[in-house]
file input-v6.txt (compact mmCIF, C-alpha atoms and all ligand atoms)
# COMPACT_ATOMS: atom_id res chain seq x y z
CA MET I 5 51.81 -121.09 -236.86
CA ASN I 6 50.18 -117.81 -237.75
CA ILE I 7 47.63 -116.08 -235.55
CA SER I 8 44.54 -117.27 -237.41
CA LYS I 9 45.69 -120.91 -237.29
CA THR I 10 46.46 -120.52 -233.58
CA SER I 11 43.02 -119.13 -232.83
CA LEU I 12 41.41 -121.86 -234.94
CA VAL I 13 43.16 -124.55 -232.91
CA ILE I 14 42.30 -122.82 -229.63
CA GLY I 15 38.70 -122.53 -230.83
CA LEU I 16 38.55 -126.24 -231.68
CA ILE I 17 40.06 -127.19 -228.34
CA GLY I 18 37.46 -124.98 -226.65
CA LEU I 19 34.65 -126.56 -228.64
CA PHE I 20 35.74 -130.14 -227.86
CA GLY I 21 36.34 -129.13 -224.25
CA LEU I 22 32.77 -127.88 -223.96
CA HIS I 23 31.32 -131.09 -225.34
CA ALA I 24 33.57 -133.24 -223.16
CA ALA I 25 32.52 -131.27 -220.09
CA GLN I 26 28.78 -131.42 -220.89
CA ALA I 27 27.27 -132.40 -217.55
CA GLU I 28 23.61 -132.76 -218.43
CA PRO I 29 21.67 -134.12 -221.39
CA LEU I 30 20.11 -131.35 -223.47
CA PRO I 31 16.35 -131.42 -223.96
CA SER I 32 15.19 -132.58 -227.39
CA PRO I 33 13.07 -130.40 -229.66
CA LEU I 34 9.34 -131.02 -229.24
CA PRO I 35 7.85 -133.65 -231.59
CA CYS I 36 6.36 -132.13 -234.77
CA PRO I 37 3.36 -133.71 -236.53
CA ASN I 38 4.12 -131.98 -239.84
CA PRO I 39 7.12 -133.52 -241.66
CA GLN I 40 7.19 -130.58 -244.12
CA ALA I 41 7.56 -128.01 -241.33
CA LEU I 42 10.69 -125.91 -240.77
CA GLY I 43 10.81 -127.34 -237.24
CA THR I 44 13.21 -126.70 -234.41
CA SER I 45 16.57 -128.22 -235.26
CA ARG I 46 18.11 -128.37 -231.80
CA VAL I 47 17.93 -127.03 -228.27
CA MET I 48 20.84 -125.09 -226.83
CA SER I 49 21.44 -124.66 -223.13
CA VAL I 50 22.49 -121.23 -221.87
CA ASN I 51 24.05 -121.02 -218.42
CA ALA I 52 23.24 -117.60 -216.98
CA ALA I 53 25.69 -117.74 -214.09
CA ASN I 54 28.63 -115.33 -213.86
CA GLY I 55 27.17 -112.36 -215.74
CA LEU I 56 26.98 -113.76 -219.24
CA THR I 57 26.44 -111.23 -222.08
CA ILE I 58 25.55 -112.33 -225.62
CA GLY I 59 25.00 -110.69 -229.01
CA LEU I 60 27.51 -109.00 -231.31
CA LYS I 61 25.51 -105.79 -231.85
CA THR I 62 26.40 -104.91 -228.24
CA TYR I 63 28.81 -107.45 -226.74
CA PRO I 64 32.06 -109.01 -227.97
CA GLN I 65 30.74 -112.59 -227.93
CA THR I 66 27.70 -114.56 -228.96
CA LEU I 67 26.31 -118.08 -228.98
CA ALA I 68 28.39 -120.59 -230.96
CA LEU I 69 25.94 -121.36 -233.75
CA GLY I 70 26.71 -123.39 -236.84
CA ASP I 71 26.41 -122.17 -240.42
CA HIS I 72 22.78 -121.13 -241.14
CA GLU I 73 21.71 -121.71 -237.54
CA ILE I 74 19.56 -118.95 -236.04
CA VAL I 75 17.81 -118.23 -232.74
CA LEU I 76 14.51 -116.36 -233.10
CA THR I 77 13.67 -113.78 -230.42
CA PHE I 78 10.62 -111.51 -230.17
CA ASP I 79 10.53 -108.42 -227.92
CA ASP I 80 7.99 -106.09 -226.29
CA GLY I 81 4.91 -108.33 -226.10
CA PRO I 82 2.66 -109.91 -225.44
CA LEU I 83 0.07 -107.95 -227.40
CA PRO I 84 -2.73 -110.32 -228.43
CA ALA I 85 -3.51 -108.76 -231.83
CA THR I 86 0.01 -109.43 -233.09
CA THR I 87 1.42 -112.03 -230.68
CA ARG I 88 -1.43 -114.45 -231.43
CA PRO I 89 -0.84 -114.69 -235.20
CA ILE I 90 2.90 -114.98 -234.59
CA LEU I 91 2.30 -117.89 -232.19
CA ASP I 92 -0.03 -119.45 -234.80
CA GLY I 93 2.69 -119.14 -237.46
CA LEU I 94 5.39 -120.61 -235.22
CA LYS I 95 3.09 -123.47 -234.19
CA ALA I 96 2.26 -124.32 -237.81
CA GLN I 97 5.99 -124.71 -238.51
CA CYS I 98 6.90 -126.37 -235.16
CA VAL I 99 9.32 -123.55 -234.38
CA GLN I 100 10.24 -122.53 -230.84
CA ALA I 101 11.34 -118.97 -230.13
CA THR I 102 12.23 -116.78 -227.14
CA PHE I 103 9.90 -113.95 -226.10
CA PHE I 104 11.39 -111.06 -224.11
CA LEU I 105 8.31 -109.73 -222.32
CA VAL I 106 7.44 -106.25 -221.10
CA GLY I 107 6.09 -106.82 -217.58
CA ARG I 108 3.02 -104.63 -217.87
CA ASN I 109 2.03 -106.36 -221.12
CA ALA I 110 2.50 -109.76 -219.46
CA ALA I 111 0.34 -108.64 -216.50
CA ALA I 112 -2.38 -107.45 -218.90
CA ASN I 113 -2.27 -110.61 -221.06
CA PRO I 114 -1.36 -113.58 -218.85
CA GLN I 115 -3.22 -115.99 -221.14
CA MET I 116 -0.81 -115.12 -223.98
CA VAL I 117 2.19 -115.74 -221.72
CA LYS I 118 0.79 -119.11 -220.67
CA ARG I 119 0.23 -120.00 -224.32
CA GLU I 120 3.86 -119.15 -225.13
CA ILE I 121 5.01 -121.53 -222.38
CA ASN I 122 2.53 -124.28 -223.33
CA GLU I 123 3.80 -124.20 -226.91
CA GLY I 124 7.39 -124.70 -225.80
CA HIS I 125 8.71 -121.16 -226.19
CA THR I 126 11.15 -119.57 -223.75
CA VAL I 127 9.66 -116.64 -221.82
CA ALA I 128 12.33 -114.06 -220.88
CA HIS I 129 12.39 -110.48 -219.58
CA HIS I 130 12.59 -106.97 -221.08
CA SER I 131 11.77 -104.53 -218.18
CA MET I 132 8.46 -103.55 -216.57
CA THR I 133 7.37 -100.59 -218.74
CA HIS I 134 9.99 -100.26 -221.51
CA PRO I 135 10.59 -96.55 -220.73
CA ASP I 136 11.23 -94.33 -223.76
CA ILE I 137 14.40 -92.97 -222.17
CA THR I 138 15.66 -96.54 -221.59
CA LEU I 139 16.99 -97.83 -218.27
CA ARG I 140 20.16 -95.79 -218.87
CA GLY I 141 18.07 -92.64 -218.63
CA LEU I 142 16.59 -93.60 -215.25
CA SER I 143 17.99 -93.23 -211.74
CA PRO I 144 19.82 -96.36 -210.51
CA ASN I 145 16.91 -97.22 -208.20
CA ALA I 146 14.30 -96.75 -210.91
CA ALA I 147 16.35 -98.87 -213.34
CA ARG I 148 16.61 -101.63 -210.74
CA ASP I 149 12.84 -101.44 -210.16
CA GLU I 150 12.22 -101.77 -213.91
CA ILE I 151 14.27 -104.98 -213.99
CA GLU I 152 12.93 -106.52 -210.79
CA ASN I 153 9.27 -105.54 -211.25
CA GLY I 154 9.36 -106.72 -214.87
CA ILE I 155 10.70 -110.14 -213.88
CA LYS I 156 8.06 -110.41 -211.11
CA ALA I 157 5.20 -109.44 -213.45
CA ASP I 158 6.37 -111.86 -216.16
CA ASP I 159 6.73 -114.73 -213.70
CA MET I 160 3.35 -114.03 -212.06
CA ALA I 161 1.70 -114.09 -215.50
CA ALA I 162 3.59 -117.22 -216.52
CA TYR I 163 3.61 -119.33 -213.38
CA GLY I 164 1.33 -117.58 -210.85
CA GLN I 165 4.28 -117.07 -208.50
CA THR I 166 7.64 -115.34 -208.26
CA SER I 167 10.89 -116.14 -206.52
CA ALA I 168 14.15 -114.34 -205.82
CA THR I 169 15.68 -115.68 -209.02
CA PRO I 170 13.63 -115.76 -212.23
CA ARG I 171 12.61 -119.15 -213.64
CA VAL I 172 14.20 -118.10 -216.97
CA PRO I 173 17.24 -115.93 -216.17
CA PHE I 174 17.41 -114.17 -219.55
CA PHE I 175 17.08 -110.36 -219.91
CA ARG I 176 17.32 -107.90 -222.80
CA PHE I 177 17.68 -104.15 -222.17
CA PRO I 178 15.20 -101.86 -223.93
CA GLY I 179 17.23 -100.11 -226.61
CA PHE I 180 20.21 -102.29 -225.58
CA ALA I 181 20.92 -99.45 -223.11
CA ASP I 182 22.73 -101.23 -220.30
CA THR I 183 24.75 -99.57 -217.53
CA LYS I 184 27.53 -100.85 -215.31
CA ALA I 185 25.17 -100.88 -212.31
CA THR I 186 22.40 -102.80 -214.09
CA LEU I 187 24.86 -105.27 -215.62
CA ASP I 188 26.33 -105.83 -212.15
CA LEU I 189 22.84 -106.32 -210.70
CA LEU I 190 21.91 -108.89 -213.36
CA ALA I 191 25.23 -110.72 -212.94
CA GLN I 192 24.62 -110.85 -209.20
CA LYS I 193 21.16 -112.31 -209.86
CA GLN I 194 22.77 -114.80 -212.29
CA VAL I 195 20.73 -113.47 -215.21
CA ALA I 196 22.17 -113.62 -218.74
CA VAL I 197 21.94 -110.43 -220.82
CA PHE I 198 20.97 -110.82 -224.47
CA GLY I 199 21.74 -108.35 -227.19
CA ALA I 200 21.30 -109.54 -230.80
CA ASP I 201 23.42 -110.49 -233.79
CA VAL I 202 20.91 -109.62 -236.51
CA TRP I 203 17.82 -107.45 -236.36
CA ALA I 204 14.91 -106.81 -238.67
CA SER I 205 14.69 -103.03 -238.03
CA ASP I 206 10.97 -103.73 -237.64
CA TRP I 207 10.64 -100.60 -235.49
CA ASN I 208 10.66 -98.78 -238.85
CA ASN I 209 7.39 -98.88 -240.78
CA MET I 210 7.54 -100.92 -243.97
CA THR I 211 5.44 -103.44 -245.82
CA PRO I 212 5.64 -107.09 -244.73
CA GLN I 213 7.26 -107.89 -248.10
CA ALA I 214 9.92 -105.18 -247.63
CA GLN I 215 10.44 -106.45 -244.10
CA LEU I 216 10.95 -109.99 -245.35
CA THR I 217 13.41 -108.96 -248.06
CA LEU I 218 15.44 -106.82 -245.65
CA LEU I 219 15.64 -109.55 -243.03
CA MET I 220 16.47 -112.39 -245.42
CA ASN I 221 19.24 -110.27 -246.99
CA ARG I 222 20.70 -109.61 -243.55
CA LEU I 223 20.48 -113.28 -242.58
CA GLU I 224 22.19 -114.38 -245.79
CA ALA I 225 24.97 -111.85 -245.08
CA ALA I 226 25.41 -112.82 -241.43
CA GLY I 227 24.97 -116.56 -242.04
CA ARG I 228 23.85 -117.26 -238.46
CA GLY I 229 22.94 -115.52 -235.23
CA VAL I 230 20.48 -114.43 -232.59
CA VAL I 231 17.73 -112.61 -234.52
CA LEU I 232 15.66 -109.79 -233.01
CA LEU I 233 12.04 -109.18 -234.04
CA HIS I 234 9.07 -107.55 -232.29
CA ASP I 235 5.83 -109.44 -231.70
CA THR I 236 4.06 -106.10 -231.19
CA ARG I 237 4.53 -105.04 -234.82
CA PRO I 238 1.75 -105.78 -237.36
CA GLN I 239 4.21 -105.89 -240.29
CA THR I 240 6.20 -108.54 -238.43
CA ALA I 241 3.12 -110.61 -237.60
CA ALA I 242 2.07 -110.44 -241.26
CA MET I 243 5.53 -111.51 -242.42
CA VAL I 244 6.09 -114.49 -240.11
CA PRO I 245 4.46 -117.27 -242.23
CA ASP I 246 6.41 -116.23 -245.36
CA PHE I 247 9.53 -115.69 -243.28
CA LEU I 248 9.45 -119.24 -241.89
CA ARG I 249 8.89 -120.66 -245.40
CA ALA I 250 11.82 -118.58 -246.71
CA LEU I 251 14.06 -119.82 -243.90
CA LYS I 252 13.28 -123.43 -244.82
CA ALA I 253 13.83 -122.74 -248.54
CA LYS I 254 17.23 -121.14 -247.84
CA GLY I 255 18.40 -123.92 -245.54
CA PHE I 256 18.30 -122.06 -242.23
CA LYS I 257 17.91 -124.13 -239.07
CA ILE I 258 16.18 -123.03 -235.87
CA VAL I 259 18.00 -123.35 -232.55
CA HIS I 260 15.89 -122.98 -229.42
CA ILE I 261 17.57 -121.58 -226.30
CA VAL I 262 16.69 -122.72 -222.79
CA PRO I 263 18.26 -122.09 -219.38
CA GLY I 264 20.72 -124.75 -218.28
CA SER I 265 23.55 -125.35 -215.87
CA GLY I 266 26.09 -126.86 -218.24
CA PRO I 267 28.70 -124.86 -220.16
CA THR I 268 27.42 -122.42 -222.77
CA ALA I 269 28.89 -122.71 -226.26
CA LEU I 270 30.18 -119.21 -227.07
CA THR I 271 32.16 -117.66 -229.88
CA PRO I 272 34.15 -114.41 -229.68
CA ALA I 273 33.62 -111.39 -231.92
CA PRO I 274 35.91 -111.07 -234.92
CA ALA I 275 38.99 -108.87 -234.66
CA GLY I 276 38.20 -105.17 -234.83
CA TRP I 277 34.77 -105.63 -233.27
CA GLN I 278 32.93 -102.54 -232.01
CA SER I 279 29.56 -102.16 -230.31
CA GLU I 280 27.09 -100.89 -232.91
CA THR I 281 24.42 -100.17 -230.30
CA GLU I 282 26.81 -98.14 -228.14
CA ALA I 283 27.62 -95.92 -231.12
CA SER I 284 23.86 -95.35 -231.68
CA LEU I 285 23.18 -94.73 -228.00
CA LYS I 286 25.93 -92.09 -227.82
CA LYS I 287 24.03 -90.11 -230.45
CA ILE I 288 20.52 -90.84 -229.22
CA MET I 289 20.77 -90.59 -225.42
CA PRO I 290 21.40 -86.81 -225.28
CA ARG I 291 18.28 -86.24 -227.45
CA LEU I 292 16.22 -88.59 -225.28
CA MET I 293 17.31 -86.83 -222.09
CA LYS I 294 16.58 -83.38 -223.57
CA ALA I 295 13.12 -84.51 -224.67
CA GLN I 296 12.46 -85.83 -221.18
CA GLN I 297 13.57 -82.54 -219.60
CA ARG I 298 11.12 -80.70 -221.86
CA GLY I 299 8.42 -83.12 -220.77
CA ALA I 300 7.96 -84.23 -224.37
CA SER I 301 7.56 -87.81 -225.41
CA ALA I 302 10.91 -89.24 -226.42
CA ALA I 303 9.34 -91.85 -228.65
CA PRO I 304 9.67 -89.95 -231.98
CA VAL I 305 13.46 -89.89 -231.73
CA MET I 306 13.72 -93.47 -230.56
CA GLN I 307 15.39 -95.26 -233.47
CA ILE I 308 16.44 -98.34 -231.55
CA PRO I 309 14.42 -101.29 -230.25
ZN ZN A 401 12.00 -103.47 -226.73

call {"tool": "encode", "arguments": {"input": "input-v6.txt", "output": "structure tokens"}}
result
Amino acid sequence: MNISKTSLVIGLIGLFGLHAAQAEPLPSPLPCPNPQALGTSRVMSVNAANGLTIGLKTYPQTLALGDHEIVLTFDDGPLPATTRPILDGLKAQCVQATFFLVGRNAAANPQMVKREINEGHTVAHHSMTHPDITLRGLSPNAARDEIENGIKADDMAAYGQTSATPRVPFFRFPGFADTKATLDLLAQKQVAVFGADVWASDWNNMTPQAQLTLLMNRLEAAGRGVVLLHDTRPQTAAMVPDFLRALKAKGFKIVHIVPGSGPTALTPAPAGWQSETEASLKKIMPRLMKAQQRGASAAPVMQIP
């Protein structure tokens, strides 16, 4: 048996093993009154214990999605002017997504966070202030504060209370700039770290139509994956209704992720995998640190989410 056949068999055994070991029933997608809607195809449980990392742009494994299955994620909000129309668009198509919140935005807009929860979305965490120099550019204590204060602010906005472990133990690093210490901290807290498999590059200015074309081309090429967008970007908010229609037309299916205690269905990176975000960060971090030393805003050189 050659290597690819061996790994296929091992993969199938792993897949059946996961289903056989499934300890809890998965929640069903929410009922949808519109039969023409894109809808949420299925709900996938993600077990955050043991320092799970996900997303091929940064980590050598991702969620085991089927052909044309995607998970929609939105970062940096909530910001009412853009988050509201995105929530309207998702609601119209009965689509559930995951929002990685910036704590200070959550604290300023708790009504938007509560709406996200009421409409069945997953509310996850993306630091307290999203510092330009990323958490990698901060002292270890400051980086820890960014994580912990962000989780507290998000949970206060969402649920009116916080606890030692977040209600939704999902975190994404600003700029994907993790460190060993912050990864260890999140693993210790049993929080899963999300990168992404596909992104829209919506941090670059472009028309909603150009944004749509770029993203659909990338999705057709990748065929599946965890997709990163930003609910703070007007071009993204403007694109969402057409984007959801295009997904339906092209046969894409929406998978909604929720925290769970059962096994997580994962798939390894292909042979020869390398971290794309680490290659970018190696180039960008020295410029960010120099800009900070000069006291200048680092934002103009920030080419990553
Ligand atoms: Zn971000």

call {"tool": "closest_residue", "arguments": {"input": "input-v6.txt", "among": "I:Ile90, I:Thr271, I:Gln97, I:Ile58", "to": "Ala242 in chain I", "atoms": "all atoms listed in the file"}}
result
I:Ile90

call {"tool": "residues_around", "arguments": {"input": "input-v6.txt", "residues": "range 243-256 of chain I", "least_positions_apart": "4", "cutoff": "8 Å", "atoms": "all atoms listed in the file", "output": "count of residues only"}}
result
14

call {"tool": "closest_residue", "arguments": {"input": "input-v6.txt", "among": "I:Asp71, I:Glu150, I:Asp159, I:Asp79", "to": "Phe198 in chain I", "atoms": "all atoms listed in the file"}}
result
I:Asp79

call {"tool": "closest_residue", "arguments": {"input": "input-v6.txt", "among": "I:Met293, I:Ala185, I:Val106, I:Ile261", "to": "ligand ZN 401 (chain A)", "atoms": "all atoms listed in the file"}}
result
I:Val106

call {"tool": "residues_near_ligand", "arguments": {"input": "input-v6.txt", "ligand": "ligand ZN 401 (chain A)", "cutoff": "7 Å", "atoms": "all atoms listed in the file", "output": "PyMOL selection string"}}
result
chain I and resi 79-80+130+134+178-179+309

call {"tool": "write_last_selection", "arguments": {"input": "input-v6.txt", "atoms": "C-alpha atoms", "output": "mmCIF file, keeping the file's coordinate frame"}}
result
data_model
loop_
_atom_site.group_PDB
_atom_site.id
_atom_site.type_symbol
_atom_site.label_atom_id
_atom_site.label_comp_id
_atom_site.auth_asym_id
_atom_site.auth_seq_id
_atom_site.Cartn_x
_atom_site.Cartn_y
_atom_site.Cartn_z
ATOM 1 C CA ASP I 79 10.530 -108.420 -227.920
ATOM 2 C CA ASP I 80 7.990 -106.090 -226.290
ATOM 3 C CA HIS I 130 12.590 -106.970 -221.080
ATOM 4 C CA HIS I 134 9.990 -100.260 -221.510
ATOM 5 C CA PRO I 178 15.200 -101.860 -223.930
ATOM 6 C CA GLY I 179 17.230 -100.110 -226.610
ATOM 7 C CA PRO I 309 14.420 -101.290 -230.250
#
